[in-house]
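Colleague: My structure is stored as query_22.txt, with compact mmCIF, C-alpha atoms.
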# COMPACT_ATOMS: atom_id res chain seq x y z
CA MET O 1 28.75 -195.20 -72.48
CA VAL O 2 27.20 -192.91 -69.87
CA LYS O 3 29.14 -194.72 -67.14
CA ASN O 4 32.43 -194.21 -69.04
CA LEU O 5 31.71 -190.48 -69.48
CA THR O 6 30.95 -190.15 -65.76
CA ILE O 7 34.19 -191.92 -64.84
CA LYS O 8 36.19 -189.68 -67.17
CA LYS O 9 34.58 -186.57 -65.65
CA ILE O 10 35.40 -187.77 -62.13
CA ILE O 11 39.00 -188.45 -63.17
CA THR O 12 39.32 -185.03 -64.82
CA VAL O 13 37.96 -183.33 -61.68
CA LEU O 14 40.36 -185.25 -59.41
CA VAL O 15 43.36 -184.53 -61.64
CA THR O 16 42.44 -180.85 -61.85
CA LEU O 17 41.98 -180.56 -58.08
CA PHE O 18 45.28 -182.36 -57.51
CA PHE O 19 47.22 -179.84 -59.57
CA LEU O 20 45.27 -176.90 -58.11
CA PHE O 21 46.36 -177.86 -54.58
CA LEU O 22 49.84 -179.03 -55.60
CA PRO O 23 51.78 -175.95 -54.36
CA PHE O 24 50.43 -176.20 -50.80
CA GLU O 25 53.35 -178.06 -49.26
CA ARG O 26 53.35 -176.00 -46.05
CA LEU O 27 50.33 -173.68 -46.03
CA LEU O 28 46.85 -175.25 -45.95
CA THR O 29 48.31 -178.39 -44.40
CA PHE O 30 47.68 -180.00 -41.02
CA GLU O 31 49.58 -182.26 -38.65
CA ILE O 32 48.61 -185.90 -37.98
CA PHE O 33 50.77 -187.90 -35.54
CA GLY O 34 53.77 -185.69 -36.26
CA LEU O 35 53.36 -185.94 -40.06
CA THR O 36 52.23 -183.14 -42.37
CA ALA O 37 49.04 -183.99 -44.25
CA LYS O 38 48.67 -182.18 -47.57
CA ILE O 39 45.48 -181.73 -49.55
CA SER O 40 47.25 -182.69 -52.78
CA PHE O 41 48.42 -185.95 -51.19
CA LEU O 42 44.91 -186.79 -49.99
CA ILE O 43 43.56 -186.18 -53.50
CA LEU O 44 46.37 -188.33 -54.88
CA MET O 45 45.26 -191.16 -52.59
CA LEU O 46 41.72 -190.75 -53.97
CA ILE O 47 43.19 -191.13 -57.45
CA VAL O 48 44.90 -194.33 -56.28
CA LEU O 49 41.56 -195.56 -54.89
CA VAL O 50 39.82 -194.89 -58.22
CA TYR O 51 42.66 -196.70 -59.99
CA PHE O 52 42.07 -199.84 -57.92
CA VAL O 53 38.26 -199.57 -58.10
CA LEU O 54 38.42 -199.42 -61.90
CA ARG O 55 40.66 -202.52 -61.86
CA LEU O 56 42.82 -201.29 -64.69
CA GLY O 57 44.82 -204.51 -64.59
CA PRO O 58 48.24 -205.58 -63.43
CA THR O 59 50.09 -204.24 -66.52
CA LEU O 60 53.02 -202.24 -65.23
CA ALA O 61 55.71 -200.36 -67.12
CA THR O 62 59.38 -201.05 -66.33
CA GLU O 63 59.69 -197.80 -64.37
CA ASP O 64 56.65 -198.77 -62.26
CA LYS O 65 58.25 -202.12 -61.42
CA ILE O 66 61.49 -200.41 -60.43
CA LEU O 67 59.63 -198.13 -58.02
CA LEU O 68 57.74 -201.04 -56.50
CA ALA O 69 61.02 -202.92 -56.07
CA PHE O 70 62.49 -199.84 -54.39
CA SER O 71 59.43 -199.69 -52.12
CA ALA O 72 59.81 -203.37 -51.22
CA LEU O 73 63.48 -202.79 -50.41
CA SER O 74 62.48 -199.88 -48.16
CA TYR O 75 60.15 -202.14 -46.18
CA LEU O 76 62.78 -204.87 -46.04
CA SER O 77 65.30 -202.40 -44.57
CA VAL O 78 63.04 -202.01 -41.52
CA PHE O 79 64.42 -205.33 -40.23
CA TRP O 80 68.00 -204.00 -39.96
CA SER O 81 67.22 -200.30 -39.54
CA ILE O 82 68.76 -198.31 -36.70
CA ASP O 83 65.37 -196.56 -36.36
CA GLN O 84 62.75 -199.15 -37.23
CA LEU O 85 59.63 -197.07 -36.55
CA ARG O 86 60.80 -194.18 -38.73
CA SER O 87 61.87 -196.59 -41.46
CA LEU O 88 58.43 -198.18 -41.45
CA ILE O 89 56.75 -194.76 -41.68
CA ILE O 90 59.00 -193.48 -44.47
CA ALA O 91 58.72 -196.76 -46.41
CA THR O 92 54.92 -196.41 -46.24
CA ILE O 93 55.13 -192.82 -47.50
CA PHE O 94 57.35 -194.01 -50.35
CA SER O 95 54.83 -196.70 -51.28
CA ALA O 96 51.89 -194.29 -51.20
CA THR O 97 53.79 -191.73 -53.30
CA PHE O 98 54.89 -194.31 -55.87
CA LEU O 99 51.36 -195.74 -56.13
CA GLY O 100 50.13 -192.18 -56.61
CA PHE O 101 52.56 -191.73 -59.48
CA ILE O 102 51.54 -195.06 -61.06
CA ALA O 103 47.83 -194.21 -60.83
CA LEU O 104 48.10 -190.55 -61.84
CA ARG O 105 50.07 -191.21 -65.02
CA ARG O 106 47.30 -193.55 -66.22
CA PHE O 107 44.69 -190.82 -65.92
CA LEU O 108 46.61 -188.11 -67.78
CA THR O 109 45.04 -187.69 -71.19
CA PRO O 110 46.46 -185.04 -73.59
CA GLN O 111 43.61 -182.76 -72.48
CA ASN O 112 44.37 -183.28 -68.78
CA ILE O 113 48.07 -182.65 -69.40
CA GLU O 114 47.36 -179.29 -71.04
CA ILE O 115 45.02 -178.37 -68.17
CA ALA O 116 47.75 -179.30 -65.67
CA LYS O 117 50.38 -177.26 -67.51
CA THR O 118 48.05 -174.26 -67.63
CA ILE O 119 47.39 -174.56 -63.90
CA LEU O 120 51.12 -174.76 -63.18
CA ILE O 121 51.86 -171.72 -65.35
CA PHE O 122 49.22 -169.63 -63.59
CA TRP O 123 50.33 -170.93 -60.19
CA GLY O 124 53.84 -169.79 -61.04
CA PHE O 125 52.46 -166.32 -61.76
CA ALA O 126 50.45 -166.19 -58.53
CA LEU O 127 53.25 -167.58 -56.36
CA CYS O 128 55.65 -164.97 -57.71
CA PHE O 129 53.43 -162.19 -56.37
CA PHE O 130 53.07 -164.00 -53.05
CA ALA O 131 56.86 -164.41 -52.88
CA LEU O 132 57.34 -160.69 -53.59
CA TRP O 133 54.84 -159.93 -50.83
CA GLN O 134 56.87 -162.11 -48.47
CA TYR O 135 60.06 -160.31 -49.46
CA PHE O 136 58.85 -156.72 -49.14
CA GLY O 137 56.40 -157.49 -46.34
CA ASP O 138 59.12 -158.95 -44.16
CA LEU O 139 61.47 -156.06 -44.96
CA HIS O 140 58.86 -153.62 -43.65
CA ASN O 141 57.68 -155.78 -40.72
CA LEU O 142 54.22 -156.35 -42.18
CA PRO O 143 52.02 -159.20 -40.88
CA LEU O 144 50.91 -162.37 -42.68
CA THR O 145 54.05 -162.99 -44.70
CA PHE O 146 54.00 -166.64 -43.53
CA LEU O 147 57.79 -166.85 -43.61
CA ARG O 148 59.54 -169.25 -41.28
CA GLU O 149 61.81 -167.34 -38.92
CA ARG O 150 64.97 -168.80 -40.43
CA TYR O 151 64.08 -167.21 -43.79
CA THR O 152 63.26 -163.73 -42.57
CA LYS O 153 65.61 -160.76 -42.83
CA ILE O 154 67.06 -161.67 -39.42
CA VAL O 155 69.48 -164.15 -41.05
CA PHE O 156 70.83 -162.41 -44.16
CA GLY O 157 69.51 -158.89 -43.75
CA PHE O 158 66.94 -159.62 -46.44
CA PRO O 159 64.28 -162.37 -46.60
CA ARG O 160 64.28 -165.55 -48.70
CA PRO O 161 60.74 -166.16 -50.02
CA GLN O 162 59.43 -169.68 -49.71
CA ALA O 163 55.84 -169.02 -50.87
CA THR O 164 53.63 -171.97 -49.86
CA PHE O 165 56.56 -174.39 -49.49
CA LEU O 166 58.52 -175.58 -46.48
CA GLU O 167 61.88 -174.39 -47.82
CA PRO O 168 62.98 -171.83 -50.43
CA LEU O 169 64.89 -174.60 -52.24
CA TYR O 170 61.70 -176.66 -52.64
CA PHE O 171 59.91 -173.56 -53.93
CA ALA O 172 62.78 -172.98 -56.37
CA ASN O 173 62.52 -176.61 -57.50
CA PHE O 174 58.77 -176.25 -58.11
CA LEU O 175 59.35 -173.12 -60.21
CA PHE O 176 61.22 -175.18 -62.82
CA MET O 177 57.84 -176.39 -64.09
CA PRO O 178 56.14 -173.01 -64.68
CA ILE O 179 59.43 -171.57 -66.00
CA PHE O 180 59.92 -174.18 -68.71
CA PHE O 181 56.22 -174.68 -69.48
CA SER O 182 55.96 -170.90 -69.98
CA LEU O 183 59.05 -171.05 -72.21
CA GLU O 184 57.48 -173.89 -74.20
CA ARG O 185 54.31 -171.94 -74.92
CA PHE O 186 56.26 -168.75 -75.61
CA ILE O 187 58.53 -170.30 -78.22
CA LYS O 188 55.64 -172.14 -79.90
CA SER O 189 53.62 -168.94 -80.30
CA GLU O 190 54.20 -166.86 -83.41
CA LYS O 191 53.64 -163.55 -81.64
CA ILE O 192 54.96 -162.12 -78.39
CA ASN O 193 52.61 -163.23 -75.63
CA TRP O 194 52.67 -160.50 -73.01
CA PHE O 195 51.35 -162.66 -70.17
CA LEU O 196 54.01 -165.30 -70.79
CA SER O 197 56.63 -162.56 -71.13
CA LEU O 198 55.67 -161.11 -67.75
CA ASN O 199 55.48 -164.57 -66.23
CA ILE O 200 58.99 -165.52 -67.43
CA PHE O 201 60.31 -162.21 -66.08
CA LEU O 202 58.72 -162.74 -62.66
CA LEU O 203 59.62 -166.44 -62.42
CA LEU O 204 63.32 -165.82 -63.04
CA MET O 205 63.28 -162.87 -60.66
CA VAL O 206 61.75 -164.88 -57.83
CA GLU O 207 63.99 -167.88 -58.57
CA VAL O 208 66.96 -165.64 -57.78
CA LEU O 209 65.30 -164.27 -54.63
CA THR O 210 64.99 -167.80 -53.18
CA LEU O 211 68.79 -167.79 -52.88
CA SER O 212 68.95 -171.51 -53.67
CA ARG O 213 72.40 -172.19 -55.08
CA GLY O 214 71.45 -175.66 -56.23
CA ALA O 215 68.53 -174.20 -58.19
CA TYR O 216 70.81 -171.56 -59.78
CA PHE O 217 73.22 -174.18 -61.09
CA SER O 218 70.48 -176.60 -62.16
CA LEU O 219 68.53 -173.92 -64.01
CA ALA O 220 71.63 -172.62 -65.78
CA PHE O 221 72.64 -176.13 -66.84
CA ALA O 222 69.13 -176.96 -68.07
CA ILE O 223 68.92 -173.73 -70.10
CA ILE O 224 72.29 -174.44 -71.72
CA ILE O 225 71.01 -177.89 -72.76
CA LEU O 226 67.80 -176.31 -74.07
CA VAL O 227 69.65 -173.73 -76.18
CA ILE O 228 72.03 -176.35 -77.61
CA PHE O 229 69.26 -178.76 -78.62
CA VAL O 230 67.00 -176.03 -80.01
CA GLY O 231 69.95 -174.76 -82.04
CA LEU O 232 70.70 -178.24 -83.37
CA LYS O 233 67.26 -179.83 -83.82
CA PHE O 234 64.56 -177.17 -83.46
CA LYS O 235 66.02 -174.12 -85.20
CA LYS O 236 62.63 -172.64 -86.03
CA TYR O 237 62.14 -171.99 -82.30
CA LEU O 238 65.57 -170.46 -81.69
CA LYS O 239 64.62 -166.80 -82.21
CA GLN O 240 61.65 -167.01 -79.85
CA LEU O 241 63.74 -168.88 -77.29
CA LEU O 242 66.44 -166.20 -77.33
CA ILE O 243 63.80 -163.50 -76.86
CA ALA O 244 62.31 -165.42 -73.92
CA LEU O 245 65.74 -165.92 -72.36
CA GLY O 246 66.45 -162.21 -72.81
CA ILE O 247 63.29 -161.49 -70.81
CA GLY O 248 64.46 -163.99 -68.19
CA VAL O 249 67.84 -162.26 -67.92
CA LEU O 250 66.01 -158.99 -67.26
CA GLY O 251 64.16 -160.77 -64.44
CA ILE O 252 67.47 -161.94 -62.96
CA ILE O 253 68.86 -158.40 -63.17
CA GLY O 254 65.65 -157.18 -61.53
CA ALA O 255 66.13 -159.57 -58.60
CA VAL O 256 69.72 -158.44 -58.07
CA PHE O 257 68.55 -154.81 -58.18
CA ILE O 258 65.82 -155.51 -55.62
CA ILE O 259 68.33 -156.98 -53.16
CA TYR O 260 70.90 -154.26 -53.91
CA SER O 261 68.39 -151.44 -53.34
CA SER O 262 66.62 -152.94 -50.31
CA ALA O 263 69.58 -154.35 -48.36
CA SER O 264 72.64 -152.70 -46.86
CA HIS O 265 75.97 -152.88 -48.69
CA ARG O 266 77.13 -155.54 -46.22
CA ASP O 267 73.98 -157.61 -46.71
CA PHE O 268 74.28 -157.36 -50.49
CA GLN O 269 77.82 -158.70 -50.21
CA ILE O 270 76.40 -161.58 -48.17
CA PHE O 271 73.98 -162.27 -51.03
CA VAL O 272 76.84 -162.29 -53.55
CA GLN O 273 78.91 -164.60 -51.34
CA HIS O 274 76.06 -166.98 -50.54
CA ALA O 275 74.99 -167.11 -54.19
CA GLY O 276 78.42 -168.64 -54.79
CA ALA O 277 79.90 -171.28 -52.48
CA THR O 278 80.84 -169.14 -49.50
CA ASP O 279 79.28 -170.12 -46.17
CA VAL O 280 77.36 -167.39 -44.46
CA ALA O 281 74.61 -168.87 -42.30
CA GLY O 282 72.36 -171.81 -41.78
CA GLU O 283 72.74 -175.01 -43.82
CA SER O 284 76.22 -174.18 -45.10
CA THR O 285 78.38 -175.84 -47.71
CA VAL O 286 80.80 -177.06 -45.02
CA ALA O 287 77.92 -178.65 -43.09
CA ARG O 288 76.60 -180.35 -46.23
CA LEU O 289 80.04 -181.74 -47.00
CA SER O 290 80.28 -183.00 -43.41
CA TYR O 291 76.91 -184.79 -43.67
CA SER O 292 77.95 -186.25 -47.01
CA SER O 293 81.16 -187.53 -45.45
CA ILE O 294 79.20 -189.15 -42.62
CA ALA O 295 76.85 -190.75 -45.13
CA TRP O 296 79.71 -192.14 -47.20
CA SER O 297 81.59 -193.55 -44.20
CA ASN O 298 78.44 -195.27 -42.91
CA PHE O 299 77.70 -196.69 -46.35
CA LYS O 300 81.15 -198.28 -46.40
CA LYS O 301 80.40 -199.90 -43.05
CA GLN O 302 76.91 -201.08 -44.11
CA PRO O 303 76.67 -201.24 -47.93
CA TRP O 304 73.15 -202.73 -47.65
CA GLY O 305 71.98 -199.52 -45.90
CA ILE O 306 71.20 -198.37 -42.38
CA GLY O 307 67.44 -198.30 -42.96
CA THR O 308 64.99 -196.11 -44.85
CA GLY O 309 64.88 -192.57 -43.43
CA ALA O 310 67.27 -193.53 -40.61
CA PHE O 311 70.22 -191.21 -41.30
CA GLY O 312 69.17 -188.82 -38.53
CA ALA O 313 69.30 -191.66 -35.98
CA LEU O 314 73.08 -192.05 -36.32
CA PRO O 315 75.06 -191.38 -33.10
CA GLU O 316 76.61 -188.28 -34.71
CA PHE O 317 73.20 -186.58 -34.51
CA SER O 318 72.09 -187.63 -31.04
CA ASP O 319 72.03 -184.03 -29.79
CA LYS O 320 69.81 -182.93 -32.67
CA LEU O 321 67.55 -185.93 -32.13
CA LEU O 322 67.11 -185.04 -28.45
CA ALA O 323 66.14 -181.51 -29.52
CA GLY O 324 63.46 -182.96 -31.80
CA ASN O 325 65.34 -182.43 -35.06
CA TYR O 326 66.00 -185.19 -37.59
CA GLN O 327 69.07 -184.59 -39.73
CA THR O 328 69.13 -185.44 -43.44
CA VAL O 329 72.14 -185.78 -45.73
CA GLY O 330 71.19 -182.85 -47.95
CA ASN O 331 71.99 -184.94 -51.02
CA LEU O 332 69.30 -187.25 -52.40
CA TYR O 333 71.69 -189.73 -54.00
CA LEU O 334 73.93 -190.09 -50.96
CA GLU O 335 70.87 -190.36 -48.71
CA ILE O 336 69.50 -193.23 -50.80
CA LEU O 337 72.96 -194.84 -50.78
CA VAL O 338 73.41 -194.70 -47.01
CA GLU O 339 69.81 -195.64 -46.16
CA GLU O 340 68.74 -198.02 -48.95
CA GLY O 341 72.24 -199.28 -49.75
CA ILE O 342 73.86 -199.86 -53.12
CA ILE O 343 70.84 -201.81 -54.44
CA GLY O 344 68.51 -198.92 -53.65
CA LEU O 345 70.74 -196.39 -55.40
CA LEU O 346 71.14 -198.62 -58.47
CA LEU O 347 67.36 -199.03 -58.70
CA PHE O 348 66.82 -195.28 -58.49
CA LEU O 349 69.55 -194.48 -61.02
CA PHE O 350 68.05 -197.07 -63.39
CA PHE O 351 64.68 -195.34 -62.98
CA LEU O 352 66.26 -192.01 -63.93
CA PHE O 353 68.07 -193.58 -66.89
CA ILE O 354 64.85 -195.07 -68.29
CA ASN O 355 63.19 -191.66 -68.17
CA LEU O 356 66.12 -189.95 -69.88
CA LYS O 357 66.12 -192.64 -72.58
CA TYR O 358 62.40 -192.02 -73.18
CA PHE O 359 62.92 -188.26 -73.57
CA TRP O 360 65.89 -188.78 -75.89
CA GLN O 361 63.95 -191.13 -78.16
CA ASN O 362 61.20 -188.53 -78.54
CA ILE O 363 63.67 -185.71 -79.08
CA LYS O 364 65.22 -187.69 -81.95
CA VAL O 365 61.86 -187.56 -83.75
CA LYS O 366 61.80 -183.80 -83.14
CA LYS O 367 59.23 -183.43 -80.37
CA ILE O 368 59.92 -180.06 -78.73
CA GLU O 369 57.60 -181.00 -75.84
CA SER O 370 59.93 -183.88 -74.92
CA LEU O 371 62.93 -181.54 -74.94
CA ILE O 372 61.14 -179.24 -72.48
CA LEU O 373 60.27 -182.20 -70.26
CA MET O 374 63.85 -183.44 -70.40
CA VAL O 375 65.34 -180.11 -69.28
CA VAL O 376 62.85 -179.87 -66.40
CA PHE O 377 63.78 -183.44 -65.44
CA VAL O 378 67.50 -182.59 -65.60
CA ALA O 379 67.03 -179.41 -63.54
CA ILE O 380 65.04 -181.21 -60.83
CA PHE O 381 67.44 -184.09 -60.40
CA ILE O 382 70.60 -182.00 -60.57
CA GLN O 383 69.24 -179.83 -57.78
CA ALA O 384 68.55 -183.05 -55.86
CA VAL O 385 72.27 -183.02 -55.03
CA SER O 386 71.34 -180.28 -52.54
CA PHE O 387 68.23 -181.81 -50.90
CA SER O 388 67.18 -185.22 -49.65
CA ALA O 389 63.42 -185.75 -49.71
CA LEU O 390 62.37 -188.37 -52.25
CA TYR O 391 58.64 -188.06 -51.55
CA ILE O 392 58.14 -184.42 -52.61
CA ILE O 393 54.75 -184.58 -54.33
CA PRO O 394 55.36 -181.89 -57.03
CA ILE O 395 58.34 -183.89 -58.33
CA TRP O 396 56.22 -187.01 -58.79
CA ALA O 397 53.43 -184.92 -60.29
CA PHE O 398 55.92 -183.72 -62.90
CA LEU O 399 57.16 -187.26 -63.56
CA ALA O 400 53.58 -188.37 -64.17
CA LEU O 401 53.08 -185.47 -66.60
CA ALA O 402 56.32 -186.36 -68.34
CA ARG O 403 55.55 -190.10 -68.66
CA PRO O 404 51.78 -190.58 -68.97
CA THR O 405 50.44 -194.09 -69.54
CA ARG O 406 46.82 -193.64 -70.44
CA MET O 407 44.33 -196.21 -69.24
CA ASP O 408 43.07 -196.41 -72.84
CA ASP O 409 46.41 -198.02 -73.66
CA GLN O 410 46.14 -200.72 -70.98
Turn the structure described in the file into structure tokens.

Modeller:
Amino acid sequence: MVKNLTIKKIITVLVTLFFLFLPFERLLTFEIFGLTAKISFLILMLIVLVYFVLRLGPTLATEDKILLAFSALSYLSVFWSIDQLRSLIIATIFSATFLGFIALRRFLTPQNIEIAKTILIFWGFALCFFALWQYFGDLHNLPLTFLRERYTKIVFGFPRPQATFLEPLYFANFLFMPIFFSLERFIKSEKINWFLSLNIFLLLMVEVLTLSRGAYFSLAFAIIILVIFVGLKFKKYLKQLLIALGIGVLGIIGAVFIIYSSASHRDFQIFVQHAGATDVAGESTVARLSYSSIAWSNFKKQPWGIGTGAFGALPEFSDKLLAGNYQTVGNLYLEILVEEGIIGLLLFLFFLFINLKYFWQNIKVKKIESLILMVVFVAIFIQAVSFSALYIIPIWAFLALARPTRMDDQ
């Protein structure tokens, strides 16, 4: 009995620490052999170690088996990869990430899930202030903004906050969790919660400031789904939801006002254009379409894939490779298709389908929590059309939260 309590305490501490360090995808990291080591990833590997030490048994859910099959395919692709060393490294990262997901979801009790959601909500609040510091600090040439040069005001005339993340789009993707978890608690409360109100306001404001077009579209689509389902199946929450969304709209207006009042007329027009589909600078729509075209043409030549993580080794990117840059497709699904082949994409799409089916079954029995999880899931994987990395830890942390398999059930 005492031993079981000690184990549960250790697990709770590890899970709590994992979510506390989850946002540090760029800051508080260090380089090892050209790879970025993250504290959250190291803690996740400790969770995996505990999982194996406890010998929870070989019982695996269907989605776990799919991920392990995908991992095996990634290793197999090393044999025909055009960049075998990179394929081996990326396949190993995939395996570690998937094992982390499998272990983490078995340690997420209802209590741990609520702790994790609370941490994510408060992290959203804190990161919003850090993002605003980056925005105004860079505008006024203040030190310690920690912005990468490509996201300072040099490019657009106003900065794009990235907080503790490598890219503004990854930061925007992370914000889906605190946005919708804050909405969940707001609509379930009978009174107006002023902290959640302020948090929703700030989160939507900062989401706009990231200038991530994929996040804009994904968020809008997810909110439309949320409103429709609440209106159809959870009508008692509709009034609170509309109030919360009204607060969010004020945050969006606030972001537009910030850019309008702090940037020149020309730079504000750049914001308006870039917020749509017009190319202005950097990783443009035309470039993304070009990379997608290259990915598709290479898939047709090698439908079994060119090797895990090997897209940047194609001859079309030899100049970038010589300069030390490794090009990605900028579209997760096309990247899986060109690198893992048709089997890899089918496995991944089946994994997504199983998760959607799970959410839908719970929504049918009127679980509002499952609706919130489904719209976060939809937002994340719609935005994945505009980025490539499959091993982003916050995404797998969310998937574990969304699909826990408690060890008590094993």

Colleague: When you draw a straight line from atom CA of Phe130 of chain O to atom CA of Leu250 of chain O, how long is it in Å?

Modeller: 19.9 Å

Colleague: Pick from O:Ala397, O:Val15, O:Ile66, O:Ile154: nearest to Ile343 of chain O, with only C-alpha atoms counted?

Modeller: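 Answer, going by the shortest atom-to-atom distance: O:Ile66.
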
Colleague: Hey, which of O:Ala61, O:Ile10, O:Leu198, O:Leu132 ends up closest to Phe101 of chain O? Count all atoms listed in the file.

Modeller: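 Using all atoms listed in the file, the shortest distance to Phe101 of chain O belongs to O:Ala61.
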
Colleague: List the spatial neighbours of Phe129 of chain O as an NGL selection string - criterion: any atom at most 10 Å away, all atoms listed in the file, same-chain residues fewer than 5 positions off excluded.

Modeller: :O and (124 or 134-135 or 163 or 202-203 or 206)

Colleague: Please identify all polymer residues within 12 Å of Ile224 of chain O, counting only C-alpha atoms, omitting same-chain residues fewer than 4 positions from it, and present them as a list of chain:residue names.

Modeller: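 So the residues in contact are O:Phe217, O:Ser218, O:Leu219, O:Ala220, O:Ile228, O:Phe229, O:Val230, O:Gly231, O:Leu241, O:Leu242, O:Leu245, O:Val375, O:Val378, O:Ala379.
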
Colleague: May I have the selected residues written with C-alpha atoms, as a short mmCIF file (atom, residue, chain, number, x, y, z; two decimals), in the frame of the given file?

Modeller:
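Listed below is the output, part29.cif:
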data_model
loop_
_atom_site.label_atom_id
_atom_site.label_comp_id
_atom_site.auth_asym_id
_atom_site.auth_seq_id
_atom_site.Cartn_x
_atom_site.Cartn_y
_atom_site.Cartn_z
CA PHE O 217 73.22 -174.18 -61.09
CA SER O 218 70.48 -176.60 -62.16
CA LEU O 219 68.53 -173.92 -64.01
CA ALA O 220 71.63 -172.62 -65.78
CA ILE O 228 72.03 -176.35 -77.61
CA PHE O 229 69.26 -178.76 -78.62
CA VAL O 230 67.00 -176.03 -80.01
CA GLY O 231 69.95 -174.76 -82.04
CA LEU O 241 63.74 -168.88 -77.29
CA LEU O 242 66.44 -166.20 -77.33
CA LEU O 245 65.74 -165.92 -72.36
CA VAL O 375 65.34 -180.11 -69.28
CA VAL O 378 67.50 -182.59 -65.60
CA ALA O 379 67.03 -179.41 -63.54
#

Colleague: One decimal, in Å: what's the spacing between atom CA of Gln361 of chain O and atom CA of Leu347 of chain O?

Modeller: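 If I compute the distance from atom CA of Gln361 of chain O to atom CA of Leu347 of chain O, I get 21.3 Å.
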
Colleague: Could you please determine the separation between atom CA of Ile363 of chain O and atom CA of Leu238 of chain O in Å, to one decimal place?

Modeller: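 We find that atom CA of Ile363 of chain O and atom CA of Leu238 of chain O lie 15.6 Å from each other.
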
Colleague: Enclose all atoms of segment 298-311 of chain O listed in the file in an axis-aligned box, grow every side by 4 Å, and hand back centre and edge lengths in Å to one decimal, as JSON.

Modeller:
{"center_x": 73.0, "center_y": -197.0, "center_z": -44.3, "size_x": 24.3, "size_y": 19.5, "size_z": 15.3}

Colleague: Please determine, counting all atoms listed in the file, which residue among O:Ala96, O:Ile258, O:Leu17, O:Ile121 has the shortest atom-to-atom distance to Leu68 of chain O.

Modeller: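 Among O:Ala96, O:Ile258, O:Leu17, O:Ile121, it is O:Ala96 that comes nearest to Leu68 of chain O.
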
Colleague: Neighbouring residues of Phe176 of chain O were defined as those with any atom within 9 Å, considering all atoms listed in the file; residues of the same chain fewer than 3 positions away were excluded. Please report them as a compact mmCIF listing (two decimals) with C-alpha atoms, in the coordinates of the input.

Modeller:
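Below is the file out.txt, written as the result:
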# COMPACT_ATOMS: atom_id res chain seq x y z
CA ALA O 172 62.78 -172.98 -56.37
CA ASN O 173 62.52 -176.61 -57.50
CA ILE O 179 59.43 -171.57 -66.00
CA PHE O 180 59.92 -174.18 -68.71
CA PHE O 181 56.22 -174.68 -69.48
CA LEU O 203 59.62 -166.44 -62.42
CA GLU O 207 63.99 -167.88 -58.57
CA ALA O 215 68.53 -174.20 -58.19
CA LEU O 219 68.53 -173.92 -64.01
CA VAL O 376 62.85 -179.87 -66.40
CA ALA O 379 67.03 -179.41 -63.54
CA ILE O 380 65.04 -181.21 -60.83

Colleague: Using all atoms listed in the file, which residue out of O:Leu27, O:Leu373, O:Leu390, O:Ile102 lies closest to Ile90 of chain O?

Modeller: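 Going through O:Leu27, O:Leu373, O:Leu390, O:Ile102 one by one, the smallest distance to Ile90 of chain O is for O:Leu390.
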
Colleague: With distances taken over all atoms listed in the file, which residue among O:Gly341, O:Ser87, O:Phe94, O:Ile382 lies nearest Tyr216 of chain O?

Modeller: O:Ile382

Colleague: Of the candidates O:Ser386, O:Ser182, O:Asn193, O:Thr145, which one gets nearest to Gln162 of chain O if we count all atoms listed in the file?

Modeller: O:Thr145

Colleague: Do you know which residues lie at most 12 Å from (75.1, -164.8, -54.4), with coordinates as in the file and all atoms listed in the file counted, and could you write them as a VMD selection string?

Modeller: chain O and resid 156 208 to 214 216 to 217 252 255 to 256 259 to 260 267 to 280
